[in-house]
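Structure, as structure tokens:
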Amino acid sequence: MRKRKIGIPNKEQLKRELKREQKKVRRREMLFGTVESLIVAAAVAVLAAGRLAPVLQIDGSSMEPLLYDGEMVVSFRKHDFKRGDIVAFHHNNKVLIKRIVALEGEIIDIDENGNVSIDDAQLDEDYLKDNKPAFGKCNIVLPCKVPEGSVFVMGDNREVSVDSRSIDIGCVSKEQMISKVAFRIWPMKSFGPID
């Protein structure tokens, strides 16, 4: 077997090799720059989603027929809540989702059939499960005046919902409020805004 002689490269060969190595370095730098940018963008998106628009998963049936167990929703941080808003709030290290029924300073009353009155005017609640009111689990004294800086919340499925009608939850203070639920993102067939 003959040994091949390795010669010293000429000037043109060195220039070509140098260009090839420079291209490799530029490609590697572009790849690392792109990966770095994607990581930063993903981190910013996660932080923004957690702070500005939390994604929440529905747990339970208290908001049926509007929201079902396992669905995922996006909510938006907000400070001026109104009657009818679906809100997420903290309670005992959990996040609960309910509908605002009465605002601060209002007097809420619920009759034995579950009909809700605010300041002696019956509330029209066409969002209730099966369109029927229910007294549900209630152990508070009625009528009840909603304290300053708080709201009275109830689930749409009144027979099973544990909400402001329970001494354990009571009226929800604005400090407990997280956000207004606004958009369903899962399942895809129900994707869209929440009325």
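Here's how to read the names in the structure tokens: chain A, B, ... by the order shown, residue numbers from 1 in each chain, ligand numbers from 1 in the order shown.
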
Looking only at strand (DSSP E) from DSSP on the backbone, list the matching residues of region 108-185 of chain A as a PyMOL selection string. chain A and resi 108-110+116-118+121-122+144-145+150-154+172-173+177-185

If you keep N, CA and C atoms, can you produce a file of those selected residues as a PDB file, in the first residue's frame?
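Heads up, here's the output in again-v1.pdb:
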```
ATOM      1  N   ILE A 108     -79.392  41.315  48.771  1.00  0.00           N
ATOM      2  CA  ILE A 108     -79.804  40.135  48.016  1.00  0.00           C
ATOM      3  C   ILE A 108     -80.704  39.274  48.879  1.00  0.00           C
ATOM      4  N   ASP A 109     -81.739  38.733  48.245  1.00  0.00           N
ATOM      5  CA  ASP A 109     -82.646  37.815  48.921  1.00  0.00           C
ATOM      6  C   ASP A 109     -82.943  36.674  47.966  1.00  0.00           C
ATOM      7  N   ILE A 110     -83.133  35.488  48.522  1.00  0.00           N
ATOM      8  CA  ILE A 110     -83.440  34.302  47.720  1.00  0.00           C
ATOM      9  C   ILE A 110     -84.647  33.632  48.359  1.00  0.00           C
ATOM     10  N   VAL A 116     -83.963  34.883  42.877  1.00  0.00           N
ATOM     11  CA  VAL A 116     -83.078  35.871  43.475  1.00  0.00           C
ATOM     12  C   VAL A 116     -83.643  37.267  43.263  1.00  0.00           C
ATOM     13  N   SER A 117     -83.636  38.054  44.346  1.00  0.00           N
ATOM     14  CA  SER A 117     -84.039  39.458  44.262  1.00  0.00           C
ATOM     15  C   SER A 117     -82.887  40.333  44.726  1.00  0.00           C
ATOM     16  N   ILE A 118     -82.683  41.428  43.994  1.00  0.00           N
ATOM     17  CA  ILE A 118     -81.679  42.416  44.366  1.00  0.00           C
ATOM     18  C   ILE A 118     -82.428  43.708  44.664  1.00  0.00           C
ATOM     19  N   ALA A 121     -86.067  43.723  43.706  1.00  0.00           N
ATOM     20  CA  ALA A 121     -86.431  43.504  42.302  1.00  0.00           C
ATOM     21  C   ALA A 121     -85.904  42.129  41.881  1.00  0.00           C
ATOM     22  N   GLN A 122     -86.817  41.275  41.360  1.00  0.00           N
ATOM     23  CA  GLN A 122     -86.400  39.924  40.992  1.00  0.00           C
ATOM     24  C   GLN A 122     -85.429  39.964  39.815  1.00  0.00           C
ATOM     25  N   CYS A 144     -79.440  39.551  52.702  1.00  0.00           N
ATOM     26  CA  CYS A 144     -78.045  39.825  53.052  1.00  0.00           C
ATOM     27  C   CYS A 144     -77.582  41.071  52.308  1.00  0.00           C
ATOM     28  N   LYS A 145     -76.961  41.996  53.028  1.00  0.00           N
ATOM     29  CA  LYS A 145     -76.393  43.184  52.387  1.00  0.00           C
ATOM     30  C   LYS A 145     -74.938  42.891  52.038  1.00  0.00           C
ATOM     31  N   SER A 150     -66.943  44.215  48.193  1.00  0.00           N
ATOM     32  CA  SER A 150     -67.192  42.789  47.955  1.00  0.00           C
ATOM     33  C   SER A 150     -68.294  42.600  46.924  1.00  0.00           C
ATOM     34  N   VAL A 151     -68.423  41.360  46.464  1.00  0.00           N
ATOM     35  CA  VAL A 151     -69.517  40.970  45.573  1.00  0.00           C
ATOM     36  C   VAL A 151     -70.098  39.648  46.068  1.00  0.00           C
ATOM     37  N   PHE A 152     -71.324  39.375  45.633  1.00  0.00           N
ATOM     38  CA  PHE A 152     -72.005  38.122  45.973  1.00  0.00           C
ATOM     39  C   PHE A 152     -71.976  37.271  44.711  1.00  0.00           C
ATOM     40  N   VAL A 153     -71.413  36.064  44.802  1.00  0.00           N
ATOM     41  CA  VAL A 153     -71.271  35.199  43.630  1.00  0.00           C
ATOM     42  C   VAL A 153     -72.067  33.912  43.799  1.00  0.00           C
ATOM     43  N   MET A 154     -72.537  33.375  42.667  1.00  0.00           N
ATOM     44  CA  MET A 154     -73.242  32.101  42.673  1.00  0.00           C
ATOM     45  C   MET A 154     -72.900  31.337  41.395  1.00  0.00           C
ATOM     46  N   VAL A 172     -67.376  37.744  48.346  1.00  0.00           N
ATOM     47  CA  VAL A 172     -65.995  37.701  47.876  1.00  0.00           C
ATOM     48  C   VAL A 172     -65.449  39.124  47.806  1.00  0.00           C
ATOM     49  N   SER A 173     -64.328  39.349  48.494  1.00  0.00           N
ATOM     50  CA  SER A 173     -63.730  40.694  48.499  1.00  0.00           C
ATOM     51  C   SER A 173     -62.945  40.923  47.211  1.00  0.00           C
ATOM     52  N   MET A 177     -60.311  38.597  44.232  1.00  0.00           N
ATOM     53  CA  MET A 177     -60.575  38.503  42.800  1.00  0.00           C
ATOM     54  C   MET A 177     -59.284  38.380  42.002  1.00  0.00           C
ATOM     55  N   ILE A 178     -59.321  37.514  41.017  1.00  0.00           N
ATOM     56  CA  ILE A 178     -58.171  37.342  40.131  1.00  0.00           C
ATOM     57  C   ILE A 178     -58.468  37.974  38.772  1.00  0.00           C
ATOM     58  N   SER A 179     -59.578  37.551  38.167  1.00  0.00           N
ATOM     59  CA  SER A 179     -59.816  37.971  36.792  1.00  0.00           C
ATOM     60  C   SER A 179     -61.243  37.665  36.349  1.00  0.00           C
ATOM     61  N   LYS A 180     -61.583  38.220  35.187  1.00  0.00           N
ATOM     62  CA  LYS A 180     -62.870  37.949  34.546  1.00  0.00           C
ATOM     63  C   LYS A 180     -62.646  36.884  33.478  1.00  0.00           C
ATOM     64  N   VAL A 181     -63.449  35.818  33.526  1.00  0.00           N
ATOM     65  CA  VAL A 181     -63.345  34.739  32.545  1.00  0.00           C
ATOM     66  C   VAL A 181     -63.993  35.232  31.257  1.00  0.00           C
ATOM     67  N   ALA A 182     -63.248  35.145  30.142  1.00  0.00           N
ATOM     68  CA  ALA A 182     -63.740  35.761  28.917  1.00  0.00           C
ATOM     69  C   ALA A 182     -63.744  34.862  27.687  1.00  0.00           C
ATOM     70  N   PHE A 183     -62.919  33.815  27.666  1.00  0.00           N
ATOM     71  CA  PHE A 183     -62.724  33.085  26.422  1.00  0.00           C
ATOM     72  C   PHE A 183     -62.485  31.607  26.707  1.00  0.00           C
ATOM     73  N   ARG A 184     -63.201  30.725  26.005  1.00  0.00           N
ATOM     74  CA  ARG A 184     -62.985  29.277  26.148  1.00  0.00           C
ATOM     75  C   ARG A 184     -61.977  28.854  25.080  1.00  0.00           C
ATOM     76  N   ILE A 185     -60.929  28.121  25.490  1.00  0.00           N
ATOM     77  CA  ILE A 185     -59.927  27.670  24.519  1.00  0.00           C
ATOM     78  C   ILE A 185     -59.924  26.153  24.344  1.00  0.00           C
TER      79      ILE A 185
END
```

Point out the residue among A:Val74, A:Ile58, A:Cys138, A:Met188 with the least atom-to-atom distance to Gly170 (chain A), counting only C-alpha atoms.
->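 That would be A:Cys138, the residue with the smallest distance to Gly170 (chain A).
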
- Message: Taking 2 positions as the minimum chain separation for residues in the same chain, which residues sit within 12 Å of Gly60 (chain A) when counting only C-alpha atoms? Answer as a list in words.
- Response: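 My reading of the contact set: Gln57, Ile58, Ser62, Met63, Glu64, Pro65, Leu67, Tyr68, Asp69, Gly70, Glu71, Val95, Leu96, Ile97, Lys98, Gly155, Asp156, Asn157, Val160, Ser161 and Val162 of chain A.
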
What would the file look like if the residues just selected were written as a compact mmCIF listing (two decimals), in the first residue's frame with C-alpha atoms?
```txt
# COMPACT_ATOMS: atom_id res chain seq x y z
CA GLN A 57 -59.26 24.71 33.94
CA ILE A 58 -62.87 24.21 35.04
CA SER A 62 -71.18 24.35 39.39
CA MET A 63 -71.10 26.56 36.26
CA GLU A 64 -73.06 24.25 33.92
CA PRO A 65 -74.51 24.75 31.34
CA LEU A 67 -68.82 25.83 31.57
CA TYR A 68 -68.22 22.10 31.94
CA ASP A 69 -65.69 20.10 33.96
CA GLY A 70 -62.32 19.90 32.18
CA GLU A 71 -62.83 22.86 29.86
CA VAL A 95 -59.29 29.21 42.41
CA LEU A 96 -63.08 29.18 42.10
CA ILE A 97 -65.14 30.38 39.15
CA LYS A 98 -68.63 31.81 39.70
CA GLY A 155 -72.76 29.19 40.29
CA ASP A 156 -75.20 28.72 37.40
CA ASN A 157 -75.95 25.15 38.51
CA VAL A 160 -74.70 21.80 43.38
CA SER A 161 -72.80 25.09 43.57
CA VAL A 162 -71.07 26.08 46.81
```

Which residue out of A:Arg77, A:Lys174, A:Arg158, A:Lys94 has the minimum interatomic distance to Gly114 (chain A) when only C-alpha atoms are used?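 Closest to Gly114 (chain A) of all the choices is A:Arg158.
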
Distance in Å - CA of Val146 (chain A) versus CA of Pro54 (chain A):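 Between these atoms lies a distance of 27.1 Å.
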
*When you draw a straight line from CA of Ile167 (chain A) to CA of Glu148 (chain A), how long is it in Å?*
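Atom-to-atom, CA of Ile167 (chain A) to CA of Glu148 (chain A), that is 17.5 Å.
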
Of the candidates A:Asp168, A:Asp80, A:Asp59, A:Asp163, which shows the shortest atom-to-atom distance to Val101 (chain A), using only C-alpha atoms?
->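 Closest residue, counting only C-alpha atoms: A:Asp163.
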
*asked:* Given only C-alpha atoms as the basis, pick out the residue of A:Leu56, A:Met30, A:Asp119, A:Glu106 nearest to Val87 (chain A).
replied: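 The shortest atom-to-atom distance to Val87 (chain A) comes from A:Leu56.
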
Quiz prompt | Å distance separating CA of Gly105 (chain A) from CA of Asp120 (chain A), one decimal place | solution =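 For CA of Gly105 (chain A) relative to CA of Asp120 (chain A), the distance reads 13.3 Å.
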
According to DSSP computed on the backbone, where in chain A is there alpha helix (DSSP H)? Give the residues as a ChimeraX atom specification. /A:11-51

Closest of A:Asn93, A:Val73, A:Arg20, A:Leu66 to Lys129 (chain A), counting only C-alpha atoms, is A:Leu66

Residue with the minimum atom-to-atom distance to Asp124 (chain A), picked from A:Arg83, A:His91, A:Ile194, A:Glu112 with only C-alpha atoms counted, is A:Arg83
